[in-house]
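K.L.:
Data: final-v1.tsv, TSV, C-alpha atoms.
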chain	number	residue	atom	x	y	z
A	1	MET	CA	304.60	-32.15	31.80
A	2	HIS	CA	304.36	-32.88	28.10
A	3	LEU	CA	302.39	-30.11	26.48
A	4	LEU	CA	302.53	-31.97	23.17
A	5	SER	CA	305.04	-33.35	20.71
A	6	ALA	CA	306.44	-31.10	17.98
A	7	THR	CA	304.91	-33.32	15.30
A	8	ALA	CA	301.47	-33.18	16.87
A	9	LEU	CA	301.71	-29.41	17.15
A	10	LEU	CA	302.64	-28.96	13.51
A	11	LEU	CA	299.74	-31.16	12.43
A	12	SER	CA	297.45	-29.22	14.73
A	13	ILE	CA	298.57	-25.89	13.29
A	14	ALA	CA	298.33	-27.09	9.70
A	15	SER	CA	294.70	-28.01	10.21
A	16	VAL	CA	293.68	-24.54	11.38
A	17	LEU	CA	295.94	-22.07	9.55
A	18	GLY	CA	293.83	-19.06	8.72
A	19	SER	CA	290.81	-20.61	10.46
A	20	LYS	CA	289.02	-18.82	13.27
A	21	THR	CA	285.37	-19.60	13.89
A	22	PRO	CA	283.40	-16.42	14.70
A	23	GLY	CA	280.71	-16.39	17.34
A	24	GLN	CA	277.95	-14.05	18.50
A	25	TRP	CA	277.86	-11.99	21.67
A	26	THR	CA	274.84	-11.79	23.92
A	27	VAL	CA	275.56	-9.32	26.71
A	28	GLU	CA	273.42	-9.01	29.82
A	29	ILE	CA	273.34	-5.62	31.53
A	30	ASN	CA	271.15	-5.14	34.60
A	31	GLY	CA	269.01	-8.14	33.67
A	32	LYS	CA	268.49	-7.17	30.02
A	33	SER	CA	270.09	-9.06	27.12
A	34	PHE	CA	271.53	-7.33	24.06
A	35	GLN	CA	272.78	-8.39	20.63
A	36	ASP	CA	273.88	-6.27	17.67
A	37	THR	CA	273.13	-2.95	19.31
A	38	LYS	CA	274.64	0.43	20.19
A	39	ILE	CA	273.92	2.44	23.33
A	40	GLU	CA	275.30	5.87	24.22
A	41	ASP	CA	273.45	6.91	27.36
A	42	PRO	CA	275.19	8.00	30.60
A	43	SER	CA	271.94	7.47	32.51
A	44	PHE	CA	271.71	3.80	31.48
A	45	ASN	CA	271.58	1.54	34.55
A	46	LEU	CA	274.62	-0.75	34.42
A	47	GLY	CA	273.72	-2.88	37.44
A	48	THR	CA	276.56	-4.62	39.30
A	49	THR	CA	277.92	-7.18	36.80
A	50	ILE	CA	277.99	-7.08	33.00
A	51	LYS	CA	277.78	-10.64	31.68
A	52	TYR	CA	279.26	-11.45	28.26
A	53	ARG	CA	277.94	-14.72	26.86
A	54	GLY	CA	279.44	-15.69	23.52
A	55	VAL	CA	279.55	-18.93	21.58
A	56	HIS	CA	283.25	-19.48	22.37
A	57	ILE	CA	284.02	-17.03	25.19
A	58	GLN	CA	282.24	-16.04	28.37
A	59	PHE	CA	283.32	-13.49	30.93
A	60	ASP	CA	281.91	-11.32	33.70
A	61	PHE	CA	282.89	-7.69	34.32
A	62	HIS	CA	282.30	-6.74	37.96
A	63	LEU	CA	281.61	-3.04	38.33
A	64	SER	CA	282.41	-2.97	42.04
A	65	ASP	CA	286.15	-3.38	41.43
A	66	PHE	CA	286.45	-3.60	37.60
A	67	SER	CA	287.57	-7.25	37.83
A	68	ILE	CA	287.04	-9.87	35.13
A	69	THR	CA	286.75	-13.65	35.07
A	70	ASP	CA	287.17	-15.44	31.73
A	71	THR	CA	286.06	-18.87	30.42
A	72	LEU	CA	286.32	-20.81	27.16
A	73	THR	CA	283.03	-22.58	26.50
A	74	GLY	CA	284.28	-25.55	24.47
A	75	ALA	CA	281.46	-25.04	21.96
A	76	GLU	CA	281.64	-27.17	18.84
A	77	ALA	CA	284.05	-25.72	16.26
A	78	PRO	CA	286.76	-27.35	14.13
A	79	ASP	CA	289.44	-25.18	15.74
A	80	ARG	CA	288.23	-25.03	19.34
A	81	LEU	CA	290.90	-25.16	22.06
A	82	VAL	CA	288.94	-27.04	24.73
A	83	SER	CA	286.10	-29.55	24.53
A	84	LYS	CA	284.21	-28.46	27.65
A	85	PRO	CA	283.71	-25.22	29.60
A	86	THR	CA	287.11	-24.29	31.02
A	87	ASN	CA	287.86	-21.37	33.30
A	88	ILE	CA	291.05	-19.73	31.99
A	89	ILE	CA	291.40	-16.49	33.94
A	90	ALA	CA	290.36	-16.59	37.59
A	91	SER	CA	290.75	-12.84	37.96
A	92	LYS	CA	291.93	-9.75	36.11
A	93	VAL	CA	291.79	-6.74	38.43
A	94	LEU	CA	293.11	-3.18	38.62
A	95	ASP	CA	294.83	-1.99	41.77
A	96	VAL	CA	292.85	1.24	42.21
A	97	PRO	CA	291.05	2.80	45.18
A	98	ALA	CA	287.35	1.98	45.34
A	99	ALA	CA	286.54	5.67	45.06
A	100	THR	CA	288.27	5.84	41.67
A	101	VAL	CA	285.83	3.39	40.10
A	102	ALA	CA	282.75	4.45	42.05
A	103	THR	CA	279.51	5.41	40.26
A	104	PRO	CA	280.45	4.08	36.81
A	105	LYS	CA	278.51	5.50	33.88
A	106	LEU	CA	278.06	4.21	30.38
A	107	ASP	CA	279.79	6.24	27.69
A	108	ARG	CA	279.46	3.79	24.80
A	109	PHE	CA	278.43	0.18	24.38
A	110	GLU	CA	278.37	-1.52	21.00
A	111	ILE	CA	277.91	-5.10	19.81
A	112	SER	CA	278.28	-6.17	16.20
A	113	LYS	CA	277.99	-9.94	15.94
A	114	GLU	CA	281.22	-11.31	17.46
A	115	THR	CA	282.81	-7.95	18.38
A	116	SER	CA	282.00	-5.68	21.29
A	117	THR	CA	283.28	-2.41	22.75
A	118	LEU	CA	282.38	-1.08	26.18
A	119	LEU	CA	283.57	2.32	27.42
A	120	ILE	CA	282.84	3.17	31.05
A	121	THR	CA	283.51	6.55	32.66
A	122	VAL	CA	284.06	7.06	36.37
A	123	SER	CA	285.07	10.03	38.49
A	124	GLY	CA	288.73	9.08	38.08
A	125	GLY	CA	288.79	8.50	34.33
A	126	LYS	CA	287.65	5.82	31.91
A	127	TYR	CA	287.92	2.09	31.25
A	128	LYS	CA	287.50	0.34	27.92
A	129	ILE	CA	286.86	-3.34	27.23
A	130	GLN	CA	287.16	-4.66	23.69
A	131	ALA	CA	286.08	-8.26	23.23
A	132	LYS	CA	285.80	-10.68	20.35
A	133	ASP	CA	283.87	-13.96	20.49
A	134	THR	CA	286.09	-16.19	18.40
A	135	SER	CA	287.52	-19.69	18.68
A	136	GLN	CA	291.12	-18.41	18.42
A	137	GLY	CA	293.01	-15.13	18.22
A	138	GLY	CA	292.70	-11.95	20.25
A	139	THR	CA	289.64	-12.26	22.48
A	140	LEU	CA	289.74	-9.62	25.19
A	141	GLN	CA	291.67	-6.50	26.05
A	142	THR	CA	291.23	-3.93	28.78
A	143	GLU	CA	292.41	-0.31	28.59
A	144	PRO	CA	292.41	1.79	31.79
A	145	GLU	CA	293.01	5.53	31.79
A	146	PHE	CA	292.72	7.43	35.07
A	147	ALA	CA	294.00	11.00	35.43
A	148	ALA	CA	294.93	10.63	39.10
A	149	SER	CA	296.81	7.38	38.43
A	150	PRO	CA	298.85	7.70	35.21
A	151	VAL	CA	300.44	4.32	35.99
A	152	LEU	CA	298.29	1.48	37.33
A	153	ASN	CA	299.05	-2.03	38.52
A	154	PHE	CA	297.00	-4.81	36.96
A	155	THR	CA	297.02	-8.33	38.39
A	156	GLN	CA	296.03	-11.40	36.38
A	157	ILE	CA	295.57	-14.75	38.10
A	158	LEU	CA	295.15	-17.88	36.01
A	159	ALA	CA	292.49	-20.43	36.90
A	160	ASP	CA	293.26	-23.79	38.48
A	161	GLY	CA	294.91	-26.11	35.95
A	162	ILE	CA	296.22	-23.26	33.78
A	163	PHE	CA	299.90	-22.27	34.04
A	164	TYR	CA	302.53	-20.02	32.50
A	165	PHE	CA	305.52	-21.63	30.78
A	166	VAL	CA	308.57	-20.55	28.80
A	167	ASN	CA	308.33	-21.36	25.10
A	168	PRO	CA	311.95	-22.25	24.24
A	169	PHE	CA	311.47	-21.60	20.51
A	170	THR	CA	310.28	-18.02	20.93
A	171	ASN	CA	311.81	-17.41	24.37
A	172	LYS	CA	308.50	-15.86	25.33
A	173	ILE	CA	305.93	-16.72	27.95
A	174	ASN	CA	302.80	-18.64	27.03
A	175	PHE	CA	300.09	-20.15	29.19
A	176	GLY	CA	298.11	-23.35	28.70
A	177	ASP	CA	296.54	-26.39	30.32
A	178	GLY	CA	299.23	-28.96	29.51
A	179	LEU	CA	296.88	-31.19	27.50
A	180	ASP	CA	297.74	-32.60	24.10
A	181	PRO	CA	295.26	-31.88	21.28
A	182	VAL	CA	292.66	-34.50	20.37
A	183	THR	CA	292.42	-34.77	16.59
A	184	SER	CA	289.10	-36.59	16.21
A	185	GLY	CA	285.97	-37.70	18.01
A	186	ALA	CA	283.48	-35.91	20.21
A	187	ASP	CA	286.21	-34.51	22.47
A	188	HIS	CA	288.37	-33.10	19.66
A	189	HIS	CA	290.23	-29.85	20.33
A	190	GLU	CA	293.36	-28.02	19.27
A	191	LEU	CA	296.23	-27.13	21.59
A	192	MET	CA	295.06	-24.78	24.37
A	193	ILE	CA	297.88	-22.28	24.28
A	194	ALA	CA	297.68	-18.54	24.83
A	195	LYS	CA	299.71	-15.47	25.69
A	196	ASP	CA	299.28	-12.11	27.37
A	197	SER	CA	299.27	-9.20	24.93
A	198	PRO	CA	300.50	-6.01	26.64
A	199	GLU	CA	300.89	-2.52	25.21
A	200	ALA	CA	302.57	0.31	27.16
A	201	ALA	CA	302.81	-2.13	30.07
A	202	THR	CA	305.77	-3.34	32.14
A	203	LYS	CA	305.84	-6.74	33.82
A	204	LEU	CA	306.52	-6.34	37.55
A	205	PHE	CA	306.09	-9.91	38.72
A	206	GLN	CA	305.32	-13.35	37.33
A	207	ASP	CA	305.17	-16.85	38.73
A	208	GLY	CA	303.41	-20.01	37.58
A	209	ASN	CA	299.90	-18.57	37.72
A	210	THR	CA	300.07	-14.83	38.44
A	211	THR	CA	301.35	-11.79	36.53
A	212	ILE	CA	301.38	-8.20	37.72
A	213	TRP	CA	301.67	-5.47	35.09
A	214	SER	CA	302.30	-1.75	35.46
A	215	ILE	CA	300.19	-0.07	32.77
A	216	GLN	CA	300.58	3.48	31.51
A	217	ALA	CA	297.43	5.54	30.95
A	218	GLY	CA	296.04	4.45	27.59
A	219	GLY	CA	297.98	1.17	27.65
A	220	ARG	CA	296.34	-2.21	27.78
A	221	VAL	CA	296.70	-5.90	28.59
A	222	GLY	CA	294.94	-8.39	26.36
A	223	ALA	CA	294.91	-12.12	25.68
A	224	VAL	CA	295.60	-14.04	22.47
A	225	PHE	CA	294.63	-17.69	22.04
A	226	GLY	CA	295.64	-20.54	19.75
A	227	GLU	CA	297.72	-20.20	16.60
A	228	ASP	CA	298.34	-16.46	17.06
A	229	ALA	CA	299.82	-17.07	20.51
A	230	ILE	CA	302.81	-18.95	19.08
A	231	GLU	CA	303.53	-16.78	16.07
A	232	ASP	CA	306.96	-15.20	16.13
A	233	ALA	CA	305.37	-11.81	16.68
A	234	PRO	CA	307.21	-8.56	17.46
A	235	ALA	CA	307.64	-7.45	21.06
A	236	ALA	CA	305.04	-5.26	22.71
A	237	GLY	CA	305.23	-1.60	21.80
A	238	LYS	CA	304.60	1.62	23.71
A	239	CYS	CA	301.48	2.78	21.91
A	240	THR	CA	298.83	4.44	24.11
A	241	SER	CA	296.33	5.60	21.47
A	242	GLN	CA	294.62	3.90	18.48
A	243	CYS	CA	296.96	0.92	18.88
A	244	GLN	CA	294.96	-1.94	17.41
A	245	LYS	CA	295.20	-1.33	13.67
A	246	GLN	CA	298.88	-0.47	13.50
A	247	ASN	CA	299.89	-3.47	15.59
A	248	GLN	CA	297.48	-6.08	14.27
A	249	VAL	CA	298.88	-9.37	12.98
A	250	HIS	CA	297.07	-11.05	10.08
A	251	ASP	CA	298.50	-14.60	10.00
A	252	SER	CA	301.59	-13.33	8.21
A	253	LEU	CA	304.34	-14.20	10.68
A	254	PRO	CA	306.21	-17.52	10.95
A	255	ILE	CA	304.91	-20.03	13.48
A	256	PRO	CA	307.71	-21.89	15.30
A	257	PRO	CA	307.37	-25.43	16.65
A	258	VAL	CA	307.07	-26.04	20.39
A	259	GLU	CA	309.38	-28.65	21.87
A	260	GLU	CA	308.12	-31.67	23.71
A	261	ASP	CA	308.84	-30.40	27.22
A	262	PRO	CA	308.02	-26.73	27.72
A	263	ILE	CA	309.09	-25.44	31.12
A	264	PRO	CA	306.16	-24.82	33.51
Spell out the structure here as structure tokens.
P.N.:
Amino acid sequence: MHLLSATALLLSIASVLGSKTPGQWTVEINGKSFQDTKIEDPSFNLGTTIKYRGVHIQFDFHLSDFSITDTLTGAEAPDRLVSKPTNIIASKVLDVPAATVATPKLDRFEISKETSTLLITVSGGKYKIQAKDTSQGGTLQTEPEFAASPVLNFTQILADGIFYFVNPFTNKINFGDGLDPVTSGADHHELMIAKDSPEAATKLFQDGNTTIWSIQAGGRVGAVFGEDAIEDAPAAGKCTSQCQKQNQVHDSLPIPPVEEDPIP
């Protein structure tokens, strides 16, 4: 499968360097919609599913098993990665006993325009979701920490039509939809390419559409889309606390080309 030619990729990257179109989160919790708000109330009724509806990203967080499904909307933006709603992640789920995540309570929930942080406490520990509604870049990361399970398995299954492949220029694993970018017209979009972004996590298994990670308490697995996913970034570290700032990349690393035939 031809993901795209090297020339097309370089033109695609040149058009969006430094460009990420911000969005705006609207989050539905137990039938109520929220924007630009902060809630710190353990008695707040979370319902069964927390629905994140952004301009560029949509996902659902299911409180019954702490699983997540993730979709790119294809909303109009000069640097969008798809031109129509496209399910990217069929499932992200922790391998934990149901009792560990029973009776979740809200510790902190905060939305500020395109950024959002949710911290849930349960009898076994806590679970944090940090999300950003943006056309490209880091969009979603989950951070479990359960006292009874200092190491947890986390399984991510890609949606139909999305696959992992080896990027021969970075020797790292990306995932994408195999479609070339469209440079003009109503269906324009950049290259849909992404990567997993682990911290304090060990890969146990990977095939064409599934990855299983072993995550230390305080570690995380996130996702990075677009230009940032093909930067020649450093390998994942072992940080388990306050990791974001010290590991953040600000468009300062070289971006290698991708050859014409990446390996699915």
K.L.:
Which residue is closest to Gly74 of chain A? Choose from A:Ile39, A:Ala148, A:Ile120, A:Ile57 and count only C-alpha atoms.
P.N.:
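The shortest atom-to-atom distance to Gly74 of chain A comes from A:Ile57.
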K.L.:
Using all atoms listed in the file, find the one residue out of A:Thr117, A:Ile173, A:Leu191, A:Gly219 that sits nearest to Glu145 of chain A.
P.N.:
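Residue with the minimum atom-to-atom distance to Glu145 of chain A: A:Gly219.
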K.L.:
Given the choices A:Ala186, A:Pro150, A:Gly54, A:Ser197, which gets closest to Lys84 of chain A if the distance is worked out from all atoms listed in the file?
P.N.:
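Ranked by minimum distance to Lys84 of chain A, first place goes to A:Ala186.
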K.L.:
Just give me the gap between atom CA of Gln58 of chain A and atom CA of His189 of chain A in Å, one decimal is fine.
P.N.:
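Atom-to-atom, atom CA of Gln58 of chain A and atom CA of His189 of chain A are spaced 17.9 Å apart.
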K.L.:
Separation of atom CA of Asn153 of chain A and atom CA of Ala102 of chain A, in Å?
P.N.:
17.9 Å
K.L.:
Rounded to one decimal in Å, what is the spacing between atom CA of Gly138 of chain A and atom CA of Ala194 of chain A?
P.N.:
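Going from atom CA of Gly138 of chain A over to atom CA of Ala194 of chain A, I get 9.4 Å.
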K.L.:
Identify the residues within 7 Å of coordinate (272.2, -4.7, 31.1) (same frame as the file), considering only C-alpha atoms, and give the answer as a list in words.
P.N.:
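I get Glu28, Ile29, Asn30, Gly31, Lys32, Ser33, Leu46, Gly47 and Ile50 of chain A for the residues within 7 Å of that point.
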K.L.:
For a quick check of understanding, using only C-alpha atoms, which of A:Phe44, A:Trp213, A:Tyr52, A:Phe205 has the smallest distance to Thr103 of chain A?
P.N.:
A:Phe44
K.L.:
Around the point (284.2, -2.9, 37.8) in the file's coordinates, collect all residues with an atom within 10 Å, using only C-alpha atoms, and return them as a count of residues only.
P.N.:
21
